[in-house]
Amino acid sequence: MPISNRIKAGLERGSWIRKMFEEGDRLKAKLGADNVYDFSLGNPFGEPPPEFLNELKNLVNNPTPGMHRYMPNAGFVETREAIAKVLAEDSGIDFKWNNIVMACGAGGGLNVVLKTLIDPGDEVIVLTPFFVEYRFYIDNHGGVCREVPTDKKFDIDLEALSQAVTSKTRAIIINSPNNPTGVLYSSKSLEGLAGLLRKKEKELGIVIYVVSDEPYKKLVYDGIEPPNVFKLIDNSIVVTSHSKDLSIPGERIGYIAVNPIAADLQDIMNGLTFCNRVIGFVNAPALMQRVVSRLQKVCVNVKDYQEKRDLFYNSLTGMGYQMVKPQGAFYLFPRSPIEDDVAFVREAQKKNILVVPGSGFGTPGYFRIAYCVEKKAIENSLAGFRELAKEHGLG
């Protein structure tokens, strides 16, 4: 057999996001890009902010000796210092450079964290709906993925979560603002989570780490201030990237930050640095580390995303589609007009609309729209969405 059974099974389950992205490429080649409305992938259409390009040009035009060599496995100290300074300002907690490990994007960072924390058979809880790759990341390191549903508004369901925690629970991954729903967990929700975990840790004699996946944290709307996980949960680890807030997903640059008061802090930091190397990432990209060190308070134009959210949300709900209004990120997660979300997605393809079934995120009966696209793509797609709504008796 040319490939392992595990990988063969993974290919069969596959990522719906990538499947739809590839379908989009096929349709664009056939019909022309302007005639295909591709909302499948969270791949920002907009360019990075000018500060990013200026910093990049400055580094390229004024090179310093050794700037492309290896650095400490955890990353350049000056970059980690810049990140720690901003984290300390935002949280009021005494972050230092050695609480930070630079990572190859959030995906790389999550794999490093999971490799550090779990032994084969340990359980990691994810809240549905969730970014589908979490399953594979957990499996990469021999862990068991425990899926726990959220409530009707896609908020944390503490009762369901309490029933899922066992003596084998090692971590819980949260993602806020959430992919695919755009829901932002409130301070009240996170305080409830912290209280539940303290109770379970005492009851079971274990430590449970909250791994907060935060690539969309700066993309929050309506003047809402996102709560700071570090201020609310002691055993917290944040993994993030600049893929979304600087619109540079292809550069694969992010970081891991561990709460300075987390249990077994030094062991965790040593483990993260070691795993960053042995998994094969070795270092986060050197040039990007230097660029982002000066851009920790820079972000793309969030108002642009909010305008697209409002256009899409108001238009679709006006047609009869039902959904929770997103508070952040750049996704909508409407209920499918028919029970079979995969079948509905196939119907949408016939209108040259590419969306992803909720089944791909562990929540059948919904579909995801990524609106990080040109505004005209949204506007031009509305006729197709309206036809689908009429065909299924919405409105």
# chains A, B, ... in the order shown; residues from 1 in each chain; ligands from 1

$ residues_around --residues "segment 305-311 of chain A" --least-positions-apart "5" --cutoff "7 Å" --atoms "only C-alpha atoms" --output "list in words"
Tyr221, Phe330, Tyr371 and Lys375 of chain A

$ write_last_selection --atoms "C-alpha atoms" --output "tab-separated table (two decimals), in the first residue's frame"
chain	number	residue	atom	x	y	z
A	221	TYR	CA	-17.18	44.76	14.81
A	330	PHE	CA	-15.21	37.25	8.14
A	371	TYR	CA	-16.82	37.16	2.78
A	375	LYS	CA	-17.53	43.64	-2.62

$ residues_around --residues "segment 182-190 of chain A" --least-positions-apart "3" --cutoff "7 Å" --atoms "only C-alpha atoms" --output "JSON list (two decimals) with N, CA and C atoms, in the first residue's frame"
[["chain", "number", "residue", "atom", "x", "y", "z"],
["A", 154, "PHE", "N", -24.42, 29.42, 19.31],
["A", 154, "PHE", "CA", -23.02, 29.02, 19.10],
["A", 154, "PHE", "C", -22.11, 29.54, 20.21],
["A", 155, "ASP", "N", -22.67, 29.77, 21.38],
["A", 155, "ASP", "CA", -21.87, 30.15, 22.55],
["A", 155, "ASP", "C", -21.52, 28.88, 23.33],
["A", 156, "ILE", "N", -20.59, 29.01, 24.28],
["A", 156, "ILE", "CA", -20.13, 27.86, 25.06],
["A", 156, "ILE", "C", -21.29, 27.30, 25.88],
["A", 176, "SER", "N", -12.17, 32.28, 19.10],
["A", 176, "SER", "CA", -13.07, 33.42, 19.22],
["A", 176, "SER", "C", -12.32, 34.69, 18.80],
["A", 177, "PRO", "N", -12.88, 35.47, 17.83],
["A", 177, "PRO", "CA", -14.06, 35.19, 17.01],
["A", 177, "PRO", "C", -13.91, 33.87, 16.26],
["A", 178, "ASN", "N", -15.05, 33.23, 16.09],
["A", 178, "ASN", "CA", -15.05, 31.84, 15.67],
["A", 178, "ASN", "C", -15.11, 31.68, 14.16],
["A", 179, "ASN", "N", -14.38, 30.70, 13.69],
["A", 179, "ASN", "CA", -14.51, 30.17, 12.33],
["A", 179, "ASN", "C", -15.21, 28.83, 12.47],
["A", 193, "LEU", "N", -16.34, 29.35, 31.78],
["A", 193, "LEU", "CA", -15.42, 28.28, 31.39],
["A", 193, "LEU", "C", -14.31, 28.14, 32.43],
["A", 194, "ALA", "N", -13.75, 29.26, 32.86],
["A", 194, "ALA", "CA", -12.67, 29.22, 33.85],
["A", 194, "ALA", "C", -13.15, 28.57, 35.15],
["A", 227, "PRO", "N", -12.79, 40.15, 24.94],
["A", 227, "PRO", "CA", -12.20, 39.87, 26.25],
["A", 227, "PRO", "C", -10.81, 39.27, 26.11],
["A", 232, "LEU", "N", -8.64, 36.12, 32.31],
["A", 232, "LEU", "CA", -9.77, 35.36, 32.82],
["A", 232, "LEU", "C", -9.45, 33.90, 33.12],
["A", 326, "PRO", "N", -22.72, 37.70, 12.95],
["A", 326, "PRO", "CA", -21.32, 37.61, 13.39],
["A", 326, "PRO", "C", -20.87, 38.88, 14.09],
["A", 327, "GLN", "N", -20.05, 38.70, 15.11],
["A", 327, "GLN", "CA", -19.45, 39.85, 15.81],
["A", 327, "GLN", "C", -18.00, 40.06, 15.41],
["A", 328, "GLY", "N", -17.45, 39.12, 14.65],
["A", 328, "GLY", "CA", -16.06, 39.24, 14.24],
["A", 328, "GLY", "C", -15.74, 38.23, 13.16],
["A", 329, "ALA", "N", -14.43, 38.14, 12.83],
["A", 329, "ALA", "CA", -13.93, 37.29, 11.75],
["A", 329, "ALA", "C", -14.54, 37.74, 10.42],
["A", 330, "PHE", "N", -14.56, 36.87, 9.40],
["A", 330, "PHE", "CA", -15.21, 37.25, 8.14],
["A", 330, "PHE", "C", -15.99, 36.08, 7.56],
["A", 331, "TYR", "N", -16.86, 35.52, 8.41],
["A", 331, "TYR", "CA", -17.69, 34.39, 8.00],
["A", 331, "TYR", "C", -19.14, 34.60, 8.42],
["A", 332, "LEU", "N", -20.05, 34.06, 7.60],
["A", 332, "LEU", "CA", -21.46, 33.89, 7.97],
["A", 332, "LEU", "C", -21.72, 32.39, 8.02]]

$ residues_around --residues "Pro149 of chain A" --least-positions-apart "6" --cutoff "8 Å" --atoms "only C-alpha atoms" --output "JSON, numbers by chain"
{"A": [127, 128, 129, 157, 160]}

$ select_by_dssp --residues "segment 201-361 of chain A" --states "strand (DSSP E)" --output "PyMOL selection string"
chain A and resi 209-213+236-241+254-258+331-332+353-354+356-357

$ closest_residue --among "A:Val291, A:Ile208, A:Ile125, A:Val148" --to "Asp234 of chain A" --atoms "only C-alpha atoms"
A:Ile208

$ residues_around --residues "Met71 of chain A" --least-positions-apart "2" --cutoff "10 Å" --atoms "only C-alpha atoms" --output "list of chain:residue names"
A:Gly66, A:Met67, A:His68, A:Arg69, A:Asn73, A:Ala74, A:Gly75, A:Phe76, A:Val77, A:Val282, A:Asn283, A:Ala284, A:Pro285, A:Ala286

$ residues_around --residues "Glu391 of chain A" --least-positions-apart "4" --cutoff "12 Å" --atoms "only C-alpha atoms" --output "list in words"
Met319, Gly320, Pro337, Ile338, Phe344, Glu347, Ala348, Gly384, Phe385, Arg386, Glu387 and Gly395 of chain A

$ closest_residue --among "A:Ala171, A:Met20, A:Val113, A:Val300" --to "Gly271 of chain A" --atoms "only C-alpha atoms"
A:Val113

$ atom_distance --atom1 "atom CA of Asp340 of chain A" --atom2 "atom CA of Asp25 of chain A"
24.4 Å

$ select_by_dssp --residues "segment 278-318 of chain A" --states "helix (DSSP H, G or I)" --output "ChimeraX atom specification"
/A:278,286-292,302-318

$ residues_around --residues "segment 240-250 of chain A" --least-positions-apart "5" --cutoff "8 Å" --atoms "only C-alpha atoms" --output "PyMOL selection string"
chain A and resi 43-44+46-49+52+105-106+109+213-216+218-219+255-256+298-300

$ write_last_selection --atoms "C-alpha atoms" --output "mmCIF file, in the first residue's frame"
data_model
loop_
_atom_site.group_PDB
_atom_site.id
_atom_site.type_symbol
_atom_site.label_atom_id
_atom_site.label_comp_id
_atom_site.auth_asym_id
_atom_site.auth_seq_id
_atom_site.Cartn_x
_atom_site.Cartn_y
_atom_site.Cartn_z
ATOM 1 C CA ASN A 43 -8.109 33.748 2.029
ATOM 2 C CA PRO A 44 -8.172 37.563 2.363
ATOM 3 C CA GLY A 46 -7.333 42.681 0.407
ATOM 4 C CA GLU A 47 -3.678 43.640 0.388
ATOM 5 C CA PRO A 48 -1.561 44.101 3.531
ATOM 6 C CA PRO A 49 -1.607 47.553 5.136
ATOM 7 C CA PHE A 52 3.729 46.111 6.270
ATOM 8 C CA GLY A 105 1.282 30.547 11.503
ATOM 9 C CA ALA A 106 -1.483 29.470 13.852
ATOM 10 C CA GLY A 109 1.615 26.898 16.507
ATOM 11 C CA ASP A 213 -6.851 30.107 18.691
ATOM 12 C CA GLU A 214 -7.024 33.852 17.964
ATOM 13 C CA PRO A 215 -6.133 34.783 14.365
ATOM 14 C CA TYR A 216 -9.317 36.893 14.101
ATOM 15 C CA LYS A 218 -8.470 42.136 15.820
ATOM 16 C CA LEU A 219 -11.341 41.647 13.355
ATOM 17 C CA TYR A 255 3.283 33.048 17.709
ATOM 18 C CA ILE A 256 2.423 31.098 20.842
ATOM 19 C CA VAL A 298 -1.186 47.523 13.010
ATOM 20 C CA CYS A 299 -4.254 45.963 11.406
ATOM 21 C CA VAL A 300 -6.101 45.908 8.102
#

$ closest_residue --among "A:Arg277, A:Arg80, A:His392, A:Arg346" --to "Thr116 of chain A" --atoms "only C-alpha atoms"
A:Arg277
